[in-house]
Amino acid sequence: MFTYQKFTIKSPLKPYLVREKLMGIVDPEYRIGEKTITPRYRGKINKDSFQISPIIYPRHSKRYNESLFPVIDGQITEHDSGSKIDIQIKIHPGVLIFLGIWIITAGRASWISLTTLQNPSFAVFLSPIAIFLAGLAIPMITFISMAHHSKKFLINFLKG
(Lines give C-alpha, C1' and ligand atoms only; values in the text may rest on other atoms or scores of the structure.)
Protein backbone atom coordinates (compact mmCIF):
# COMPACT_ATOMS: atom_id res chain seq x y z
CA MET A 1 0.00 0.00 0.00
CA PHE A 2 1.06 3.63 -0.39
CA THR A 3 1.34 4.22 3.36
CA TYR A 4 3.87 1.47 4.04
CA GLN A 5 7.21 0.34 2.63
CA LYS A 6 9.44 -2.51 3.74
CA PHE A 7 13.01 -3.31 2.69
CA THR A 8 16.25 -4.88 3.94
CA ILE A 9 19.77 -3.48 3.93
CA LYS A 10 22.76 -5.80 4.18
CA SER A 11 25.69 -3.89 5.62
CA PRO A 12 29.32 -4.93 6.04
CA LEU A 13 29.25 -3.14 9.42
CA LYS A 14 28.77 -5.09 12.66
CA PRO A 15 25.51 -4.31 14.52
CA TYR A 16 27.27 -2.14 17.14
CA LEU A 17 28.83 -0.06 14.33
CA VAL A 18 25.44 0.36 12.66
CA ARG A 19 24.05 1.67 15.97
CA GLU A 20 27.01 4.04 16.41
CA LYS A 21 26.62 5.33 12.89
CA LEU A 22 22.89 5.91 13.42
CA MET A 23 23.60 7.75 16.68
CA GLY A 24 25.56 10.29 14.63
CA ILE A 25 22.48 11.33 12.66
CA VAL A 26 19.73 10.82 15.27
CA ASP A 27 18.98 13.26 18.07
CA PRO A 28 16.92 11.59 20.83
CA GLU A 29 16.26 14.92 22.60
CA TYR A 30 15.19 16.96 19.55
CA ARG A 31 11.98 18.94 19.89
CA ILE A 32 10.05 20.20 16.88
CA GLY A 33 10.99 23.80 16.08
CA GLU A 34 14.50 23.70 17.56
CA LYS A 35 17.37 24.72 15.33
CA THR A 36 20.05 22.12 14.74
CA ILE A 37 22.58 21.44 12.03
CA THR A 38 23.85 17.90 12.49
CA PRO A 39 21.05 15.39 13.10
CA ARG A 40 18.82 14.44 10.20
CA TYR A 41 16.46 12.32 12.30
CA ARG A 42 14.94 12.23 15.76
CA GLY A 43 13.97 9.15 17.67
CA LYS A 44 15.25 6.20 19.69
CA ILE A 45 18.02 3.74 18.99
CA ASN A 46 17.97 0.56 21.07
CA LYS A 47 20.36 -2.40 21.15
CA ASP A 48 18.81 -4.20 18.18
CA SER A 49 16.13 -1.79 16.91
CA PHE A 50 15.40 1.85 16.21
CA GLN A 51 12.45 4.13 15.54
CA ILE A 52 13.24 7.43 13.87
CA SER A 53 11.56 10.21 11.89
CA PRO A 54 13.03 12.96 9.72
CA ILE A 55 13.50 16.25 11.54
CA ILE A 56 11.14 19.04 10.56
CA TYR A 57 13.04 22.28 10.01
CA PRO A 58 11.56 25.79 9.96
CA ARG A 59 10.62 27.13 6.53
CA HIS A 60 13.49 29.63 6.42
CA SER A 61 16.00 26.79 6.66
CA LYS A 62 17.31 25.10 3.52
CA ARG A 63 16.77 21.73 5.21
CA TYR A 64 13.01 22.19 5.78
CA ASN A 65 10.90 19.07 5.37
CA GLU A 66 7.15 18.74 5.05
CA SER A 67 5.21 17.92 8.20
CA LEU A 68 3.99 14.67 6.63
CA PHE A 69 7.09 12.84 7.79
CA PRO A 70 7.32 9.05 7.78
CA VAL A 71 8.08 6.88 10.80
CA ILE A 72 11.01 4.55 10.21
CA ASP A 73 11.22 1.33 12.27
CA GLY A 74 14.33 -0.82 12.00
CA GLN A 75 15.56 -4.16 13.32
CA ILE A 76 19.32 -4.78 13.37
CA THR A 77 20.55 -8.36 13.35
CA GLU A 78 23.97 -9.93 12.84
CA HIS A 79 24.31 -11.46 9.39
CA ASP A 80 27.41 -13.22 8.02
CA SER A 81 30.32 -10.88 8.82
CA GLY A 82 28.11 -7.78 8.97
CA SER A 83 24.53 -6.79 9.67
CA LYS A 84 21.06 -7.11 8.24
CA ILE A 85 18.78 -4.15 8.84
CA ASP A 86 15.05 -4.76 8.25
CA ILE A 87 13.30 -1.42 7.79
CA GLN A 88 9.63 -0.46 7.66
CA ILE A 89 8.66 3.06 6.64
CA LYS A 90 5.12 3.97 7.66
CA ILE A 91 3.02 7.07 7.36
CA HIS A 92 2.76 8.96 10.65
CA PRO A 93 -0.33 7.93 12.68
CA GLY A 94 -1.42 11.58 12.94
CA VAL A 95 -1.59 11.82 9.16
CA LEU A 96 -3.67 8.63 9.02
CA ILE A 97 -6.11 10.16 11.50
CA PHE A 98 -6.25 13.32 9.39
CA LEU A 99 -6.89 11.28 6.24
CA GLY A 100 -9.70 9.38 7.96
CA ILE A 101 -11.35 12.62 9.08
CA TRP A 102 -10.81 14.10 5.60
CA ILE A 103 -12.40 11.13 3.86
CA ILE A 104 -15.45 11.25 6.14
CA THR A 105 -15.88 15.05 6.06
CA ALA A 106 -15.12 15.69 2.39
CA GLY A 107 -17.01 12.60 1.28
CA ARG A 108 -20.08 13.58 3.28
CA ALA A 109 -19.94 17.19 2.04
CA SER A 110 -19.54 15.98 -1.55
CA TRP A 111 -22.44 13.59 -1.21
CA ILE A 112 -24.73 16.24 0.34
CA SER A 113 -23.85 18.86 -2.28
CA LEU A 114 -24.37 16.41 -5.13
CA THR A 115 -27.69 15.05 -3.85
CA THR A 116 -29.20 18.47 -3.12
CA LEU A 117 -28.43 20.05 -6.49
CA GLN A 118 -31.49 20.75 -8.59
CA ASN A 119 -29.70 21.19 -11.93
CA PRO A 120 -26.39 19.37 -11.63
CA SER A 121 -23.81 20.04 -14.30
CA PHE A 122 -20.60 18.15 -15.02
CA ALA A 123 -18.42 21.00 -13.60
CA VAL A 124 -20.44 21.14 -10.38
CA PHE A 125 -20.08 17.38 -10.05
CA LEU A 126 -16.27 17.50 -10.50
CA SER A 127 -15.54 20.25 -7.93
CA PRO A 128 -16.31 18.27 -4.74
CA ILE A 129 -14.68 15.17 -6.19
CA ALA A 130 -11.51 17.16 -7.04
CA ILE A 131 -11.31 18.60 -3.50
CA PHE A 132 -11.80 15.12 -2.04
CA LEU A 133 -9.07 13.60 -4.24
CA ALA A 134 -6.65 16.49 -3.60
CA GLY A 135 -7.02 15.94 0.14
CA LEU A 136 -5.97 12.33 -0.35
CA ALA A 137 -3.30 12.88 -3.01
CA ILE A 138 -1.27 15.61 -1.31
CA PRO A 139 -0.38 13.61 1.84
CA MET A 140 0.18 10.41 -0.15
CA ILE A 141 2.49 12.03 -2.71
CA THR A 142 4.42 13.77 0.07
CA PHE A 143 4.78 10.52 2.03
CA ILE A 144 5.92 8.56 -1.02
CA SER A 145 8.49 11.24 -1.86
CA MET A 146 9.86 11.49 1.68
CA ALA A 147 9.87 7.71 2.17
CA HIS A 148 11.83 7.32 -1.08
CA HIS A 149 14.33 9.99 0.03
CA SER A 150 14.78 8.35 3.46
CA LYS A 151 15.11 4.89 1.91
CA LYS A 152 17.77 6.06 -0.53
CA PHE A 153 19.66 7.91 2.22
CA LEU A 154 19.60 4.96 4.66
CA ILE A 155 20.72 2.46 2.01
CA ASN A 156 23.72 4.62 1.05
CA PHE A 157 24.47 5.55 4.68
CA LEU A 158 24.40 2.04 6.13
CA LYS A 159 26.09 0.11 3.31
CA GLY A 160 29.54 1.45 4.00
# chains A, B, ... in the order shown; residues from 1 in each chain; ligands from 1
$ closest_atom_pairs --of "segment 50-155 of chain A" --to "segment 3-6 of chain A" --cutoff "7 Å" --atoms "only C-alpha atoms" --output "tab-separated table"
residue	atom	partner	partner_atom	distance
A:Ile87	CA	A:Lys6	CA	5.7
A:Gln88	CA	A:Lys6	CA	4.4
A:Ile89	CA	A:Gln5	CA	5.1
A:Lys90	CA	A:Tyr4	CA	4.6
A:Ile91	CA	A:Thr3	CA	5.2
$ closest_residue --among "A:Ile55, A:Leu114, A:Leu136, A:Ala147" --to "Gly100 of chain A" --atoms "only C-alpha atoms"
A:Leu136
$ residues_around --residues "segment 25-29 of chain A" --least-positions-apart "4" --cutoff "9 Å" --atoms "only C-alpha atoms" --output "PyMOL selection string"
chain A and resi 21+38-45+52-54
$ atom_distance --atom1 "atom CA of Leu99 of chain A" --atom2 "atom CA of Ile144 of chain A"
15.0 Å
$ closest_residue --among "A:Asp48, A:Trp102, A:Ile138, A:Ser113" --to "Ile85 of chain A" --atoms "only C-alpha atoms"
A:Asp48
$ atom_distance --atom1 "atom CA of Gly74 of chain A" --atom2 "atom CA of Leu158 of chain A"
12.0 Å
